[in-house]
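Note sheet for the following structure.
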Amino acid sequence: MTSESALVNGRRRPRPPQRSYREVADELRARIRTGELRPGQRMPTQAKLAEEFGVERGTVRQALRVLHEERLLTNVSKGSPATIAAAPDDGPLGSGAPPLPTAVALAPRITAAFAAPRVRIDAVCLTSTTLTLTLSEPLRLIHAGHLKPAGVDVRVLLPSRDIDLAFPVPVEGHGAGRDRPVHRQWLATRNAQAQVMRHNLLALRSTHGIDVSVAFRALPFTPPVKLYLLNGSETLFAYYTVRRREAGIDDERVEMYDAEGAQSMLFGFEAAAGPRDRAFVEQSHLWFDALWETISSDLHLGG
């Protein structure tokens, strides 16, 4: 056996395609957000990460740079393992505060929203991956007895499975139908993340006696932005920035146009911050409610 291939029936079998640095960054980001990797903890060495993910060290370094830019890591260098950054300030994003990457900014705002007696979260997004992930911290605090809202109401608008998405799409022949592997992968992610979110939230009914409602509706278009409305008083939104990237789908490397959801810069507006912010929050709710009540349709989370 060599490092490049293995002999199978006298023929060489190529190594499986490597993960991209963005895929490695996504996995490490999830470990940080779920608490598997905690603030102040040292990351594994780049060599160990490269071995774990089956990639070159250069790929690991690129992934770590992404997380460093998102302020999730500190001390990123070639000489020593990076360190998980301290939890970001959970203050509001409004009132002139600079925007931050969604992966950094959303989690503390969602957690802060769960301090309300009745939590209400409305969202428009492509797959709900980031929202599902950031809900893990308030759910942990509820299970630990530190939070106990009387009720939680969540509504999420996601693209319909029956449309040709604007993104993600393959570079070759993009927009060429809903049976393409890229579309199937997006649909599987959309459904899986929504099912996890619904299961985790509805479980609070039996475990903690919390009144929970979770609803999804399907949009007839690809949203160009992600939007989060928290407790009727705060709006967070980010533009989906579409870029060309490569990903592994069905054991092949596929070039696609896709959105950088976790890296998108999240802007915040608070109703209490003044007339301009208040108007933006109010109009965001009107826009969401109009979509929910008119052109959206039933969303099915099956295959």
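Identifiers for the structure tokens are assigned positionally: chains receive A, B, ... in sequence, residues are indexed from 1 per chain, and ligands are indexed from 1 in the order shown.
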Per-residue DSSP, region 130-203 of chain A, filtered to strand (DSSP E or B), as an NGL selection string: :A and (151-159 or 169-170)
With 9 Å as the cut-off and only C-alpha atoms counted, what is the closest atom pair between each nearby residue of region 181-283 of chain A and region 157-170 of chain A? Distances in Å to one decimal, ordered by chain and number, as a Markdown table.
| residue | atom | partner | partner_atom | distance |
| --- | --- | --- | --- | --- |
| A:Pro181 | CA | A:Pro170 | CA | 8.7 |
| A:Val182 | CA | A:Val169 | CA | 6.1 |
| A:His183 | CA | A:Val169 | CA | 7.0 |
| A:Trp186 | CA | A:Pro168 | CA | 7.4 |
| A:Leu187 | CA | A:Arg161 | CA | 6.6 |
| A:Arg190 | CA | A:Leu158 | CA | 8.0 |
| A:Ala215 | CA | A:Leu157 | CA | 8.7 |
| A:Phe216 | CA | A:Leu157 | CA | 5.9 |
| A:Arg217 | CA | A:Leu157 | CA | 5.0 |
| A:Ala218 | CA | A:Ser160 | CA | 4.6 |
| A:Leu219 | CA | A:Pro159 | CA | 4.6 |
| A:Pro220 | CA | A:Ser160 | CA | 5.8 |
| A:Phe221 | CA | A:Pro159 | CA | 6.0 |
| A:Thr222 | CA | A:Pro159 | CA | 5.7 |
| A:Pro223 | CA | A:Pro159 | CA | 7.3 |
| A:Val242 | CA | A:Phe167 | CA | 7.6 |
| A:Val254 | CA | A:Pro170 | CA | 7.0 |
| A:Glu255 | CA | A:Pro170 | CA | 5.9 |
| A:Met256 | CA | A:Pro170 | CA | 4.0 |
| A:Tyr257 | CA | A:Val169 | CA | 5.4 |
| A:Asp258 | CA | A:Pro168 | CA | 4.3 |
| A:Ala259 | CA | A:Pro168 | CA | 6.8 |
File of the preceding selection, N, CA, C and O atoms, as a CSV table (one decimal), in the first residue's frame:
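Written out: again00.csv:
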chain,number,residue,atom,x,y,z
A,181,PRO,N,-27.1,16.5,-8.3
A,181,PRO,CA,-26.5,16.2,-6.9
A,181,PRO,C,-26.4,17.4,-6.0
A,181,PRO,O,-26.6,17.2,-4.8
A,182,VAL,N,-26.1,18.5,-6.5
A,182,VAL,CA,-26.0,19.7,-5.7
A,182,VAL,C,-27.3,20.0,-5.0
A,182,VAL,O,-27.4,20.4,-3.8
A,183,HIS,N,-28.4,20.0,-5.8
A,183,HIS,CA,-29.7,20.3,-5.3
A,183,HIS,C,-30.1,19.2,-4.3
A,183,HIS,O,-30.7,19.5,-3.2
A,186,TRP,N,-28.3,19.9,-1.0
A,186,TRP,CA,-28.9,21.0,-0.3
A,186,TRP,C,-30.2,20.6,0.4
A,186,TRP,O,-30.5,20.9,1.5
A,187,LEU,N,-31.1,19.8,-0.4
A,187,LEU,CA,-32.4,19.4,0.2
A,187,LEU,C,-32.2,18.5,1.4
A,187,LEU,O,-32.9,18.7,2.4
A,190,ARG,N,-31.2,20.8,4.2
A,190,ARG,CA,-32.3,21.6,4.7
A,190,ARG,C,-33.3,20.7,5.6
A,190,ARG,O,-33.7,21.2,6.7
A,215,ALA,N,-42.7,25.9,13.5
A,215,ALA,CA,-43.4,25.8,12.2
A,215,ALA,C,-42.5,26.2,11.1
A,215,ALA,O,-41.6,27.1,11.2
A,216,PHE,N,-42.6,25.5,9.9
A,216,PHE,CA,-41.8,25.8,8.7
A,216,PHE,C,-42.7,26.1,7.6
A,216,PHE,O,-43.8,25.4,7.4
A,217,ARG,N,-42.4,27.0,6.7
A,217,ARG,CA,-43.1,27.3,5.5
A,217,ARG,C,-42.1,27.4,4.3
A,217,ARG,O,-40.9,27.7,4.6
A,218,ALA,N,-42.5,27.1,3.1
A,218,ALA,CA,-41.6,27.0,2.0
A,218,ALA,C,-41.8,28.3,1.1
A,218,ALA,O,-42.9,28.7,0.8
A,219,LEU,N,-40.6,28.9,0.7
A,219,LEU,CA,-40.6,30.0,-0.1
A,219,LEU,C,-40.5,29.6,-1.6
A,219,LEU,O,-39.8,28.7,-1.9
A,220,PRO,N,-41.1,30.4,-2.5
A,220,PRO,CA,-41.0,30.1,-4.0
A,220,PRO,C,-39.8,30.7,-4.6
A,220,PRO,O,-39.7,30.9,-5.8
A,221,PHE,N,-38.8,31.2,-3.8
A,221,PHE,CA,-37.6,31.8,-4.3
A,221,PHE,C,-36.4,31.5,-3.4
A,221,PHE,O,-36.6,31.1,-2.2
A,222,THR,N,-35.2,31.8,-3.9
A,222,THR,CA,-34.0,31.7,-3.0
A,222,THR,C,-33.8,33.0,-2.3
A,222,THR,O,-33.6,34.0,-3.0
A,223,PRO,N,-33.8,33.0,-1.0
A,223,PRO,CA,-33.6,34.3,-0.3
A,223,PRO,C,-32.2,34.8,-0.5
A,223,PRO,O,-31.2,34.1,-0.3
A,242,VAL,N,-22.3,35.0,-2.6
A,242,VAL,CA,-22.1,33.8,-3.4
A,242,VAL,C,-20.7,33.8,-4.0
A,242,VAL,O,-20.2,34.7,-4.5
A,254,VAL,N,-17.1,18.6,-6.9
A,254,VAL,CA,-18.0,19.4,-7.8
A,254,VAL,C,-17.7,20.8,-7.6
A,254,VAL,O,-17.6,21.3,-6.4
A,255,GLU,N,-17.5,21.5,-8.7
A,255,GLU,CA,-17.4,23.0,-8.6
A,255,GLU,C,-18.8,23.6,-8.6
A,255,GLU,O,-19.7,23.2,-9.4
A,256,MET,N,-19.0,24.5,-7.6
A,256,MET,CA,-20.4,25.1,-7.5
A,256,MET,C,-20.3,26.5,-7.1
A,256,MET,O,-19.3,27.0,-6.6
A,257,TYR,N,-21.4,27.2,-7.4
A,257,TYR,CA,-21.6,28.5,-6.8
A,257,TYR,C,-22.5,28.4,-5.5
A,257,TYR,O,-23.6,27.8,-5.6
A,258,ASP,N,-21.9,28.8,-4.4
A,258,ASP,CA,-22.6,28.6,-3.2
A,258,ASP,C,-22.5,29.8,-2.3
A,258,ASP,O,-21.6,30.7,-2.5
A,259,ALA,N,-23.3,29.9,-1.3
A,259,ALA,CA,-23.3,31.1,-0.4
A,259,ALA,C,-22.5,30.8,0.9
A,259,ALA,O,-22.5,29.6,1.4
What residues in region 42-119 of chain A get the DSSP label alpha helix (DSSP H)? Please answer as a PyMOL selection string. chain A and resi 46-53+57-69+102-113
One decimal, in Å: what's the spacing between CA of Ser296 (chain A) and CA of Thr189 (chain A)?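 Here the two named atoms are 19.9 Å from each other.
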Pick from A:Pro275, A:Gly248, A:Pro108, A:Pro117: nearest to Asn231 (chain A), with only C-alpha atoms counted?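 Distance minimum relative to Asn231 (chain A) lands on A:Pro117.
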Give me, as a PyMOL selection string, all polymer residues having an atom no more than 7 Å from Ile84 (chain A), counting only C-alpha atoms and skipping those fewer than 4 positions away in the same chain. chain A and resi 38-43+72-74
